[in-house]
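With mmCIF, C-alpha atoms inside, this is entry-v3.cif:
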data_structure
loop_
_atom_site.label_atom_id
_atom_site.label_comp_id
_atom_site.auth_asym_id
_atom_site.auth_seq_id
_atom_site.Cartn_x
_atom_site.Cartn_y
_atom_site.Cartn_z
CA MET Z 254 -2.20 11.58 -9.44
CA LYS Z 255 -1.43 8.19 -10.91
CA GLY Z 256 -2.95 5.96 -8.25
CA ASN Z 257 -4.09 3.39 -10.79
CA ILE Z 258 -0.52 2.30 -11.65
CA ALA Z 259 0.14 -1.14 -10.21
CA ASN Z 260 3.77 -0.63 -9.16
CA VAL Z 261 5.48 1.31 -6.38
CA GLY Z 262 6.60 4.80 -7.44
CA ILE Z 263 10.16 6.10 -7.17
CA VAL Z 264 11.18 9.68 -6.27
CA ILE Z 265 14.75 10.93 -6.49
CA VAL Z 266 15.75 13.98 -4.41
CA SER Z 267 19.13 15.65 -4.78
CA HIS Z 268 20.64 19.00 -3.94
CA SER Z 269 21.68 19.11 -7.59
CA PRO Z 270 19.06 19.14 -10.36
CA LEU Z 271 21.62 17.53 -12.69
CA VAL Z 272 22.23 14.63 -10.30
CA ALA Z 273 18.50 14.11 -9.74
CA LYS Z 274 17.65 14.18 -13.44
CA GLY Z 275 20.63 12.00 -14.36
CA THR Z 276 19.65 9.40 -11.79
CA ALA Z 277 16.05 9.46 -13.04
CA ASP Z 278 17.33 8.98 -16.60
CA MET Z 279 19.29 5.91 -15.50
CA VAL Z 280 16.25 4.47 -13.73
CA ARG Z 281 14.06 5.09 -16.77
CA GLN Z 282 16.59 3.34 -19.04
CA MET Z 283 16.53 0.31 -16.75
CA VAL Z 284 12.78 -0.10 -16.23
CA GLY Z 285 11.10 1.97 -18.96
CA ASP Z 286 7.66 3.20 -18.01
CA SER Z 287 6.87 0.27 -15.70
CA VAL Z 288 7.14 2.39 -12.53
CA PRO Z 289 5.95 5.91 -11.74
CA LEU Z 290 9.09 8.05 -11.53
CA SER Z 291 9.79 11.65 -10.62
CA TRP Z 292 12.71 13.73 -9.42
CA CYS Z 293 13.38 16.96 -7.62
CA GLY Z 294 16.67 18.81 -7.44
CA GLY Z 295 17.78 22.23 -6.34
CA ASN Z 296 16.22 24.87 -4.16
CA ALA Z 297 13.27 27.12 -5.04
CA GLU Z 298 15.65 29.73 -6.49
CA GLY Z 299 17.31 27.22 -8.84
CA GLY Z 300 20.53 26.83 -6.87
CA LEU Z 301 21.89 23.87 -4.98
CA GLY Z 302 19.60 22.66 -2.21
CA THR Z 303 16.18 21.10 -1.76
CA ASN Z 304 12.72 22.33 -0.89
CA ALA Z 305 9.75 20.56 0.64
CA ALA Z 306 7.20 21.98 -1.84
CA GLY Z 307 9.16 20.69 -4.82
CA ILE Z 308 9.58 17.30 -3.18
CA LEU Z 309 5.83 17.17 -2.49
CA GLU Z 310 5.19 17.84 -6.20
CA ALA Z 311 7.58 15.02 -7.12
CA ILE Z 312 5.80 12.61 -4.75
CA GLU Z 313 2.46 13.58 -6.29
CA ALA Z 314 3.88 13.05 -9.80
CA ALA Z 315 5.14 9.55 -8.93
CA TRP Z 316 2.13 8.64 -6.80
CA SER Z 317 0.96 5.05 -6.70
CA ASP Z 318 -1.61 3.58 -4.34
CA HIS Z 319 1.00 0.84 -3.84
CA GLY Z 320 3.37 3.37 -2.28
CA VAL Z 321 6.30 5.62 -3.12
CA ALA Z 322 9.97 5.08 -2.26
CA VAL Z 323 12.00 8.29 -1.89
CA PHE Z 324 15.78 8.38 -2.40
CA VAL Z 325 17.84 11.30 -1.06
CA ASP Z 326 21.45 12.39 -1.38
CA LEU Z 327 22.20 14.33 1.84
CA GLY Z 328 20.69 15.19 5.22
CA GLY Z 329 18.87 18.32 4.07
CA ALA Z 330 17.15 16.32 1.34
CA GLU Z 331 15.99 13.82 3.94
CA THR Z 332 14.68 16.55 6.28
CA ASN Z 333 12.78 18.28 3.47
CA SER Z 334 11.45 14.93 2.26
CA GLU Z 335 10.11 14.23 5.75
CA MET Z 336 8.39 17.63 5.70
CA ALA Z 337 6.90 16.92 2.26
CA ILE Z 338 5.56 13.58 3.46
CA GLU Z 339 3.93 15.30 6.44
CA MET Z 340 2.38 17.85 4.06
CA LEU Z 341 0.92 14.95 2.07
CA GLY Z 342 -1.20 14.02 5.09
CA GLU Z 343 -2.72 10.75 6.20
CA PRO Z 344 -3.55 8.23 4.98
CA ARG Z 345 -1.30 8.83 1.97
CA SER Z 346 1.78 9.77 4.02
CA SER Z 347 1.86 6.26 5.46
CA LEU Z 348 2.43 4.95 1.92
CA VAL Z 349 5.69 6.90 1.43
CA ALA Z 350 9.07 5.69 2.67
CA ILE Z 351 12.46 7.40 2.62
CA CYS Z 352 15.09 4.80 1.78
CA ASN Z 353 18.41 4.64 3.59
CA ALA Z 354 20.32 3.63 0.48
CA PRO Z 355 22.84 5.08 -1.96
CA LEU Z 356 21.05 7.49 -4.28
CA VAL Z 357 21.88 6.09 -7.71
CA GLU Z 358 22.34 2.41 -6.94
CA GLY Z 359 19.42 2.36 -4.53
CA ALA Z 360 17.02 4.03 -6.95
CA VAL Z 361 17.99 1.71 -9.81
CA ILE Z 362 17.67 -1.51 -7.81
CA ALA Z 363 14.45 -0.33 -6.15
CA ALA Z 364 12.92 0.49 -9.51
CA ALA Z 365 13.90 -2.93 -10.83
CA GLU Z 366 12.24 -4.53 -7.80
CA ALA Z 367 9.16 -2.32 -8.16
CA SER Z 368 8.86 -3.10 -11.87
CA GLY Z 369 8.31 -6.75 -10.91
CA GLY Z 370 5.33 -5.80 -8.75
CA ALA Z 371 7.03 -5.99 -5.35
CA PRO Z 372 5.28 -4.25 -2.43
CA LEU Z 373 6.75 -1.07 -0.91
CA ALA Z 374 8.35 -2.88 2.05
CA LYS Z 375 10.24 -5.23 -0.29
CA VAL Z 376 11.30 -2.37 -2.59
CA VAL Z 377 12.69 -0.45 0.40
CA ALA Z 378 14.37 -3.52 1.94
CA THR Z 379 16.06 -4.42 -1.34
CA ALA Z 380 17.47 -0.90 -1.75
CA GLU Z 381 18.57 -0.68 1.87
CA GLU Z 382 20.61 -3.89 1.50
CA LEU Z 383 23.09 -1.68 -0.36
CA SER Z 384 23.74 0.52 2.70
CA PRO Z 385 26.79 -0.17 4.84
CA LEU Z 386 26.00 -1.38 8.34
#
Using the file provided, produce a representation of the structure as structure tokens.
Amino acid sequence: MKGNIANVGIVIVSHSPLVAKGTADMVRQMVGDSVPLSWCGGNAEGGLGTNAAGILEAIEAAWSDHGVAVFVDLGGAETNSEMAIEMLGEPRSSLVAICNAPLVEGAVIAAAEASGGAPLAKVVATAEELSPL
């Protein structure tokens, strides 16, 4: 775990490993190593889908005591992310938020906000401004 990093972590969850990795690459190009970043894509068998255990591993890899913002592409990714957060357990699960924002744009803008030291609530709010009403 990387709890000593001073910025909010970012996790990208997609049904496609290529989409998840590509989004993470874009985030990394924008903010360098200033935020903890991880991604999870595909199901346990390597096909399209998501899985809670893989998402939990991604949250652990991007862990920050300042919180973790999770970005998802579709409903199944959100459901499995919720399960992964529950598996994390309290008090850490209360430091993880699933963002209602576009996957790529939301992750990039959230990482930019996090790289400036913003708290989790501000990182989430900034990303969610991109969502249609």
Would you write out, as a PyMOL selection string, every residue that the PyMOL selection byres ((chain Z and resi 323-332) around 10) captures in this file? chain Z and resi 262-269+272-273+291-295+302-305+308+311-312+315+320-322+333-338+349-360+363+377+380
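The space separating CA of Val280 (chain Z) from CA of Leu301 (chain Z) comes to 22.0 Å.
Straight-line separation from CA of Ala371 (chain Z) to CA of Val288 (chain Z): 11.0 Å.
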With only C-alpha atoms as the atoms that count, which of Z:Ala367, Z:Met283, Z:Ala306, Z:Ala374 lies nearest to Leu348 (chain Z)? Z:Ala374
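Here CA of Ser317 (chain Z) stands at a distance of 6.8 Å from CA of Asn260 (chain Z).
Selecting by distance to (14.8, -4.0, -6.1) with a limit of 6 Å and using only C-alpha atoms, one obtains Ile362, Ala363, Ala364, Ala365, Glu366, Val376, Thr379 and Ala380 of chain Z.
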